[in-house]
Structures are given as C-alpha cells and as structure tokens.
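Asker: Structure supplied as data-v6.txt; contents: compact mmCIF, C-alpha atoms and all ligand atoms.
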```txt
# COMPACT_ATOMS: atom_id res chain seq x y z
CA MET A 1 14.60 -7.64 5.85
CA THR A 2 17.44 -5.48 4.68
CA ASN A 3 17.09 -3.02 1.84
CA LYS A 4 19.34 -4.96 -0.38
CA GLN A 5 17.19 -8.04 0.12
CA ALA A 6 14.07 -6.02 -0.64
CA TYR A 7 15.54 -4.61 -3.82
CA LYS A 8 16.50 -8.05 -5.05
CA THR A 9 12.87 -9.16 -4.94
CA THR A 10 11.39 -9.38 -8.41
CA PHE A 11 7.74 -8.45 -8.78
CA ILE A 12 5.42 -9.21 -11.65
CA ALA A 13 3.66 -6.12 -12.93
CA GLN A 14 0.49 -6.66 -14.95
CA ALA A 15 0.57 -4.91 -18.31
CA PRO A 16 -2.51 -2.97 -19.55
CA ALA A 17 -5.47 -5.24 -20.43
CA LYS A 18 -5.10 -4.78 -24.18
CA ASN A 19 -1.53 -6.05 -23.94
CA LYS A 20 -1.71 -9.56 -22.52
CA THR A 21 2.05 -9.76 -22.03
CA LYS A 22 3.20 -9.85 -18.43
CA LEU A 23 6.15 -7.57 -17.74
CA LYS A 24 8.76 -8.47 -15.18
CA ILE A 25 10.01 -5.36 -13.43
CA GLU A 26 12.74 -5.59 -10.86
CA MET A 27 12.38 -3.47 -7.77
CA THR A 28 15.27 -1.02 -7.66
CA PRO A 29 15.62 2.32 -5.84
CA GLU A 30 14.44 3.95 -9.09
CA THR A 31 11.34 1.75 -9.56
CA LYS A 32 10.48 1.08 -5.92
CA CYS A 33 7.90 3.86 -5.51
CA SER A 34 5.91 2.55 -8.46
CA PHE A 35 5.26 -0.62 -6.42
CA CYS A 36 3.96 1.34 -3.45
CA PRO A 37 0.15 1.16 -3.21
CA GLY A 38 -1.18 4.70 -3.10
CA ALA A 39 2.26 6.17 -2.32
CA ILE A 40 2.12 5.60 1.45
CA CYS A 41 4.41 8.47 2.47
CA CYS A 42 2.37 11.10 0.56
CA ASN A 43 -0.79 10.35 2.56
CA TYR A 44 0.11 12.01 5.84
CA PHE A 45 2.53 14.35 7.52
CA THR A 46 3.99 14.43 11.01
CA GLU A 47 5.02 17.33 13.22
CA GLN A 48 7.15 16.94 16.32
CA VAL A 49 5.70 18.41 19.50
CA ASP A 50 7.27 19.16 22.87
CA THR A 51 7.29 16.22 25.24
CA PRO A 52 4.08 16.55 27.26
CA ARG A 53 4.83 16.80 30.98
CA SER A 54 1.78 18.34 32.61
CA LYS A 55 -1.98 18.02 32.61
CA GLN A 56 -2.11 21.22 30.60
CA ASP A 57 0.19 19.72 27.97
CA PHE A 58 -2.01 16.65 27.61
CA ASP A 59 -5.15 18.76 27.63
CA HIS A 60 -3.75 20.67 24.65
CA LEU A 61 -2.92 17.45 22.82
CA LEU A 62 -6.45 16.22 23.48
CA TRP A 63 -7.76 19.33 21.75
CA GLN A 64 -5.55 18.57 18.76
CA LEU A 65 -6.69 14.95 18.60
CA ALA A 66 -10.30 16.12 18.68
CA HIS A 67 -9.70 17.13 15.07
CA LYS A 68 -10.40 14.60 12.34
CA ASN A 69 -7.60 12.40 11.01
CA THR A 70 -5.16 13.51 13.70
CA GLN A 71 -3.24 11.01 15.80
CA LEU A 72 -0.33 11.08 18.22
CA TYR A 73 2.65 8.84 18.74
CA LYS A 74 5.89 8.64 20.64
CA ASP A 75 8.99 6.93 19.35
CA ASP A 76 12.67 7.08 20.21
CA GLU A 77 12.89 10.58 18.67
CA GLY A 78 10.07 12.08 20.72
CA TRP A 79 6.38 12.91 20.42
CA PHE A 80 4.73 13.58 17.07
CA LEU A 81 1.35 14.58 15.74
CA LEU A 82 0.35 12.42 12.80
CA VAL A 83 -2.05 14.09 10.40
CA ASN A 84 -3.57 11.58 8.01
CA ASN A 85 -4.48 13.76 5.06
CA LYS A 86 -3.12 12.99 1.65
CA CYS A 87 -1.13 15.58 -0.23
CA THR A 88 -3.24 17.55 -2.68
CA HIS A 89 -0.55 17.08 -5.33
CA LEU A 90 -0.75 13.28 -5.21
CA HIS A 91 -2.38 11.86 -8.34
CA ASP A 92 -4.63 8.80 -8.23
CA ASP A 93 -1.96 6.73 -9.94
CA GLY A 94 0.56 7.55 -7.17
CA ARG A 95 2.54 10.14 -9.12
CA CYS A 96 3.51 13.54 -7.74
CA GLY A 97 1.81 16.37 -9.64
CA ILE A 98 4.61 18.82 -8.88
CA TYR A 99 7.57 16.47 -9.02
CA GLU A 100 10.01 18.98 -10.52
CA THR A 101 9.17 21.63 -7.92
CA ARG A 102 8.24 19.43 -4.95
CA PRO A 103 9.25 20.71 -1.49
CA GLN A 104 12.67 19.96 -0.07
CA VAL A 105 11.24 17.65 2.59
CA CYS A 106 9.93 15.40 -0.19
CA ARG A 107 13.33 15.45 -1.91
CA ASP A 108 15.09 14.57 1.34
CA TYR A 109 12.84 11.57 2.04
CA SER A 110 14.66 8.44 1.00
CA ASN A 111 12.93 5.28 -0.17
CA ASP A 112 15.85 3.35 1.26
CA TYR A 113 14.08 1.10 3.76
CA CYS A 114 10.90 3.15 3.97
CA GLU A 115 7.30 2.31 4.88
CA LEU A 116 6.93 -0.05 1.99
CA ASP A 117 9.42 -2.23 3.85
CA GLN A 118 8.13 -1.72 7.38
CA ARG A 119 5.10 0.15 8.67
CA ALA A 120 6.04 3.12 10.82
CA GLU A 121 3.71 1.94 13.60
CA GLU A 122 6.09 -0.89 14.35
CA GLY A 123 8.54 1.64 15.78
CA PHE A 124 6.09 3.45 18.04
CA ASP A 125 6.48 3.27 21.83
CA LEU A 126 3.07 4.86 22.30
CA PHE A 127 0.28 5.42 19.79
CA PHE A 128 -3.03 7.23 20.28
CA GLU A 129 -5.35 6.63 17.39
CA ASP A 130 -7.90 9.21 18.47
CA TYR A 131 -9.18 11.51 21.21
CA ASN A 132 -10.66 8.67 23.27
CA ALA A 133 -7.43 6.69 23.25
CA LEU A 134 -5.50 9.67 24.61
CA LEU A 135 -8.24 10.47 27.14
CA LYS A 136 -7.99 6.93 28.48
CA TYR A 137 -4.22 7.36 28.85
CA CYS A 138 -4.64 10.71 30.64
CA ARG A 139 -7.13 9.23 33.10
CA LYS A 140 -4.71 6.42 33.88
CA ARG A 141 -1.69 8.70 34.18
CA TYR A 142 -3.46 11.33 36.33
CA LYS A 143 -5.82 9.91 38.93
CA LYS A 144 -7.70 13.21 39.20
CA TRP A 145 -7.74 13.96 35.51
CA ASP A 146 -11.49 14.65 35.40
CA GLN A 147 -11.20 17.11 38.28
CA ARG A 148 -8.43 19.18 36.69
CA TYR A 149 -10.58 22.29 36.27
CA LYS A 150 -12.11 22.26 39.75
S1 LIG A 201 9.30 6.44 -0.51
FE1 LIG A 201 8.55 4.45 0.21
S2 LIG A 201 6.56 4.88 1.16
FE2 LIG A 201 7.09 6.65 -0.14
S3 LIG A 201 6.13 6.23 -2.14
FE3 LIG A 201 8.24 5.45 -2.23
S4 LIG A 201 8.08 3.30 -1.66
FE4 LIG A 201 6.18 4.32 -0.97
S1 LIG A 202 4.52 17.17 -3.09
FE1 LIG A 202 4.63 15.30 -4.27
S2 LIG A 202 6.23 14.04 -3.27
FE2 LIG A 202 5.61 15.67 -1.85
S3 LIG A 202 4.01 14.75 -0.54
FE3 LIG A 202 2.98 15.79 -2.27
S4 LIG A 202 2.72 14.21 -3.84
FE4 LIG A 202 4.24 13.46 -2.36
```
Is it possible to express this structure as structure tokens?
Ligand code: SF4
Ligand code: SF4
Answerer:
Amino acid sequence: MTNKQAYKTTFIAQAPAKNKTKLKIEMTPETKCSFCPGAICCNYFTEQVDTPRSKQDFDHLLWQLAHKNTQLYKDDEGWFLLVNNKCTHLHDDGRCGIYETRPQVCRDYSNDYCELDQRAEEGFDLFFEDYNALLKYCRKRYKKWDQRYK
C-alpha cells in the first residue's frame, strides 16, 4: 500500500461515552499518529552495530542479548540492536510529554509510510528475538562454537 492510499483511508473514531455521536476523522499526515495504537515508534530504539565477523563479535552480541528486552536484526542497512523499552516521556494516551523540546531524532522521524503501514520486521534479513535464538545461529555458523574458549 502506498502512503497516499493509506492517507485516503477514512477511519471512524469513537467519541467519548457521554457523547454518543460518532466522529469521522480522515487519516492525514497531521492526524495519522493519533490512530497509532500506543505510538509504536516511541516504544523502542535501535542502535547500529558493526557487522559481526568473528566468534568474539558474536560472543559480545550474545552478552548484549542476555539483557532483557534486547533483540538483534540485520537488514539492508546493516546490523542493529533493538531495545524494546518505551520512552519515559510517552503518555498512556500516546502523546509525547516533551513534544516542544523532543530530541532531534524524534523530529526527523517521518510518519510517511512508517510502522503503522508496515511492521519493521517485514524488512529484516535476520532477526534474533533473544539470547537463545542468537546462540542457535552461532552454533550453526561455527561448528566448534561451544569449544571457543578451550
Ligand atoms: S510515526 Fe508512525 S509509528 Fe510513530 S506514532 Fe506516528 S503513526 Fe505511529
Ligand atoms: S521524546 Fe516524545 S516523540 Fe520522542 S520517543 Fe519519547 S515520546 Fe516519542
């Protein structure tokens, strides 16, 4: 689906219970984020890492994935840690608590064909959801993985 198609979609937003009137709100670039459940892009951050090439590199990544809510993926831009912790400034209703002074990276992020349109996972070449998933990959990639310290 293209962005333009997505923006043309009209959603029905339920008005507050005391007001029984249903409001029709068109999804536009300005209103799009208000349709996003939980503000998807404010619930994690990613950090690019060097392409792992050695057992030591993968061993280090394993240590990082041993930490809660940390995952790893590779896409056509490289390898990234994915830390699934929501921003402390995100309000329960999906609004940013520091909107006027939010960091530049938040300002640069465009909602033009974002994760509300397509989940990021769909573009991953490799994805390791946790320590055990990466360990399995390491054992397959390096036949003597478990003997690496001997
Ligand atoms: S930019 Fe996209 S993913 Fe982020 S809150 Fe807006 S609609 Fe949701
Ligand atoms: S600072 Fe605001 S826009 Fe940026 S991630 Fe946090 S809640 Fe989202």
Asker: Could you give me, as JSON lines, a per-residue list for chain A showing, wherever an atom lies at most 8 Å from an atom of ligand LIG 201 (chain A), the closest pair of atoms and their distance in Å to one decimal, using all atoms listed in the file and sorting by chain then residue number from low to high?
Answerer:
```
{"residue": "A:Lys32", "atom": "CA", "partner": "A:LIG201", "partner_atom": "S4", "distance": 5.4}
{"residue": "A:Cys33", "atom": "CA", "partner": "A:LIG201", "partner_atom": "FE3", "distance": 3.7}
{"residue": "A:Ser34", "atom": "CA", "partner": "A:LIG201", "partner_atom": "S4", "distance": 7.2}
{"residue": "A:Phe35", "atom": "CA", "partner": "A:LIG201", "partner_atom": "S4", "distance": 6.8}
{"residue": "A:Cys36", "atom": "CA", "partner": "A:LIG201", "partner_atom": "FE4", "distance": 4.5}
{"residue": "A:Pro37", "atom": "CA", "partner": "A:LIG201", "partner_atom": "FE4", "distance": 7.2}
{"residue": "A:Gly38", "atom": "CA", "partner": "A:LIG201", "partner_atom": "S3", "distance": 7.5}
{"residue": "A:Ala39", "atom": "CA", "partner": "A:LIG201", "partner_atom": "S3", "distance": 3.9}
{"residue": "A:Ile40", "atom": "CA", "partner": "A:LIG201", "partner_atom": "S2", "distance": 4.5}
{"residue": "A:Cys41", "atom": "CA", "partner": "A:LIG201", "partner_atom": "FE2", "distance": 4.2}
{"residue": "A:Cys42", "atom": "CA", "partner": "A:LIG201", "partner_atom": "FE2", "distance": 6.5}
{"residue": "A:Gly94", "atom": "CA", "partner": "A:LIG201", "partner_atom": "S3", "distance": 7.6}
{"residue": "A:Tyr109", "atom": "CA", "partner": "A:LIG201", "partner_atom": "S1", "distance": 6.7}
{"residue": "A:Ser110", "atom": "CA", "partner": "A:LIG201", "partner_atom": "S1", "distance": 5.9}
{"residue": "A:Asn111", "atom": "CA", "partner": "A:LIG201", "partner_atom": "S1", "distance": 3.8}
{"residue": "A:Asp112", "atom": "CA", "partner": "A:LIG201", "partner_atom": "S1", "distance": 7.5}
{"residue": "A:Tyr113", "atom": "CA", "partner": "A:LIG201", "partner_atom": "FE1", "distance": 7.4}
{"residue": "A:Cys114", "atom": "CA", "partner": "A:LIG201", "partner_atom": "FE1", "distance": 4.6}
{"residue": "A:Glu115", "atom": "CA", "partner": "A:LIG201", "partner_atom": "S2", "distance": 4.6}
{"residue": "A:Leu116", "atom": "CA", "partner": "A:LIG201", "partner_atom": "S2", "distance": 5.0}
{"residue": "A:Asp117", "atom": "CA", "partner": "A:LIG201", "partner_atom": "FE1", "distance": 7.7}
```
Asker: Dump the neighbourhood of ligand LIG 202 (chain A) as a PyMOL selection string: all residues within 7 Å, distances computed on only C-alpha atoms and all ligand atoms.
Answerer: chain A and resi 41-42+87-90+95-99+102-103+106
Asker: For a quick check of understanding, using all atoms listed in the file, which of A:Leu72, A:Ala66, A:Cys138, A:Ile25 has the smallest distance to Asp125 of chain A?
Answerer: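 Distance minimum relative to Asp125 of chain A lands on A:Leu72.
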Asker: Specify the axis-aligned box that encloses all atoms of segment 85-102 of chain A listed in the file after padding of 8 Å on each side, stating its centre and edge lengths in Å to one decimal as lines of an AutoDock Vina configuration file.
Answerer:
```
center_x = 2.7
center_y = 14.2
center_z = -2.7
size_x = 30.6
size_y = 30.9
size_z = 31.6
```
Asker: Rounded to one decimal place, report the atom CA of Asp93 of chain A-atom CA of Thr46 of chain A distance in Å.
Answerer: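 About the pair atom CA of Asp93 of chain A and atom CA of Thr46 of chain A: they are 23.1 Å apart.
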Asker: Select from segment 12-121 of chain A every residue with an atom at most 10 Å from any atom of segment 127-133 of chain A, then for each give the shortest pair of atoms and their distance in Å to one decimal, using only C-alpha atoms, rows by chain and rising number, as a Markdown table.
Answerer:
```
| residue | atom | partner | partner_atom | distance |
| --- | --- | --- | --- | --- |
| A:Leu61 | CA | A:Tyr131 | CA | 8.8 |
| A:Leu62 | CA | A:Tyr131 | CA | 5.9 |
| A:Trp63 | CA | A:Tyr131 | CA | 8.0 |
| A:Gln64 | CA | A:Tyr131 | CA | 8.3 |
| A:Leu65 | CA | A:Tyr131 | CA | 5.0 |
| A:Ala66 | CA | A:Tyr131 | CA | 5.4 |
| A:His67 | CA | A:Tyr131 | CA | 8.3 |
| A:Lys68 | CA | A:Asp130 | CA | 8.5 |
| A:Asn69 | CA | A:Asp130 | CA | 8.1 |
| A:Thr70 | CA | A:Asp130 | CA | 7.0 |
| A:Gln71 | CA | A:Glu129 | CA | 5.1 |
| A:Leu72 | CA | A:Phe128 | CA | 5.1 |
| A:Tyr73 | CA | A:Phe127 | CA | 4.3 |
| A:Lys74 | CA | A:Phe127 | CA | 6.5 |
| A:Asp75 | CA | A:Phe127 | CA | 8.9 |
| A:Trp79 | CA | A:Phe127 | CA | 9.7 |
| A:Phe80 | CA | A:Phe127 | CA | 9.7 |
| A:Leu81 | CA | A:Phe128 | CA | 9.7 |
| A:Leu82 | CA | A:Glu129 | CA | 9.3 |
| A:Glu121 | CA | A:Phe127 | CA | 7.9 |
```
Asker: Could you give me, as a VMD selection string, the residues within 10 Å of Lys55 of chain A, counting only C-alpha atoms and dropping anything in the same chain fewer than 4 positions from it?
Answerer: chain A and resid 59 to 61 138 141 to 142 144 to 145 148
Asker: Suppose we keep C-alpha atoms; can you now write the selection as a short mmCIF file (atom, residue, chain, number, x, y, z; two decimals), keeping the file's coordinate frame?
Answerer:
```
data_model
loop_
_atom_site.label_atom_id
_atom_site.label_comp_id
_atom_site.auth_asym_id
_atom_site.auth_seq_id
_atom_site.Cartn_x
_atom_site.Cartn_y
_atom_site.Cartn_z
CA ASP A 59 -5.15 18.76 27.63
CA HIS A 60 -3.75 20.67 24.65
CA LEU A 61 -2.92 17.45 22.82
CA CYS A 138 -4.64 10.71 30.64
CA ARG A 141 -1.69 8.70 34.18
CA TYR A 142 -3.46 11.33 36.33
CA LYS A 144 -7.70 13.21 39.20
CA TRP A 145 -7.74 13.96 35.51
CA ARG A 148 -8.43 19.18 36.69
#
```
Asker: When you draw a straight line from atom CA of Phe58 of chain A to atom CA of Glu77 of chain A, how long is it in Å?
Answerer: 18.4 Å
Asker: What gap, in Å, lies between atom CA of Thr51 of chain A and atom CA of Asp108 of chain A?
Answerer: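 Taking atom CA of Thr51 of chain A as the start and atom CA of Asp108 of chain A as the end point, the length is 25.2 Å.
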Asker: Which of these, A:Asp76, A:Asp146, A:Val105, A:Tyr137, has the shortest distance to Glu122 of chain A once you count all atoms listed in the file?
Answerer: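 Using all atoms listed in the file, Glu122 of chain A sits closest to A:Asp76.
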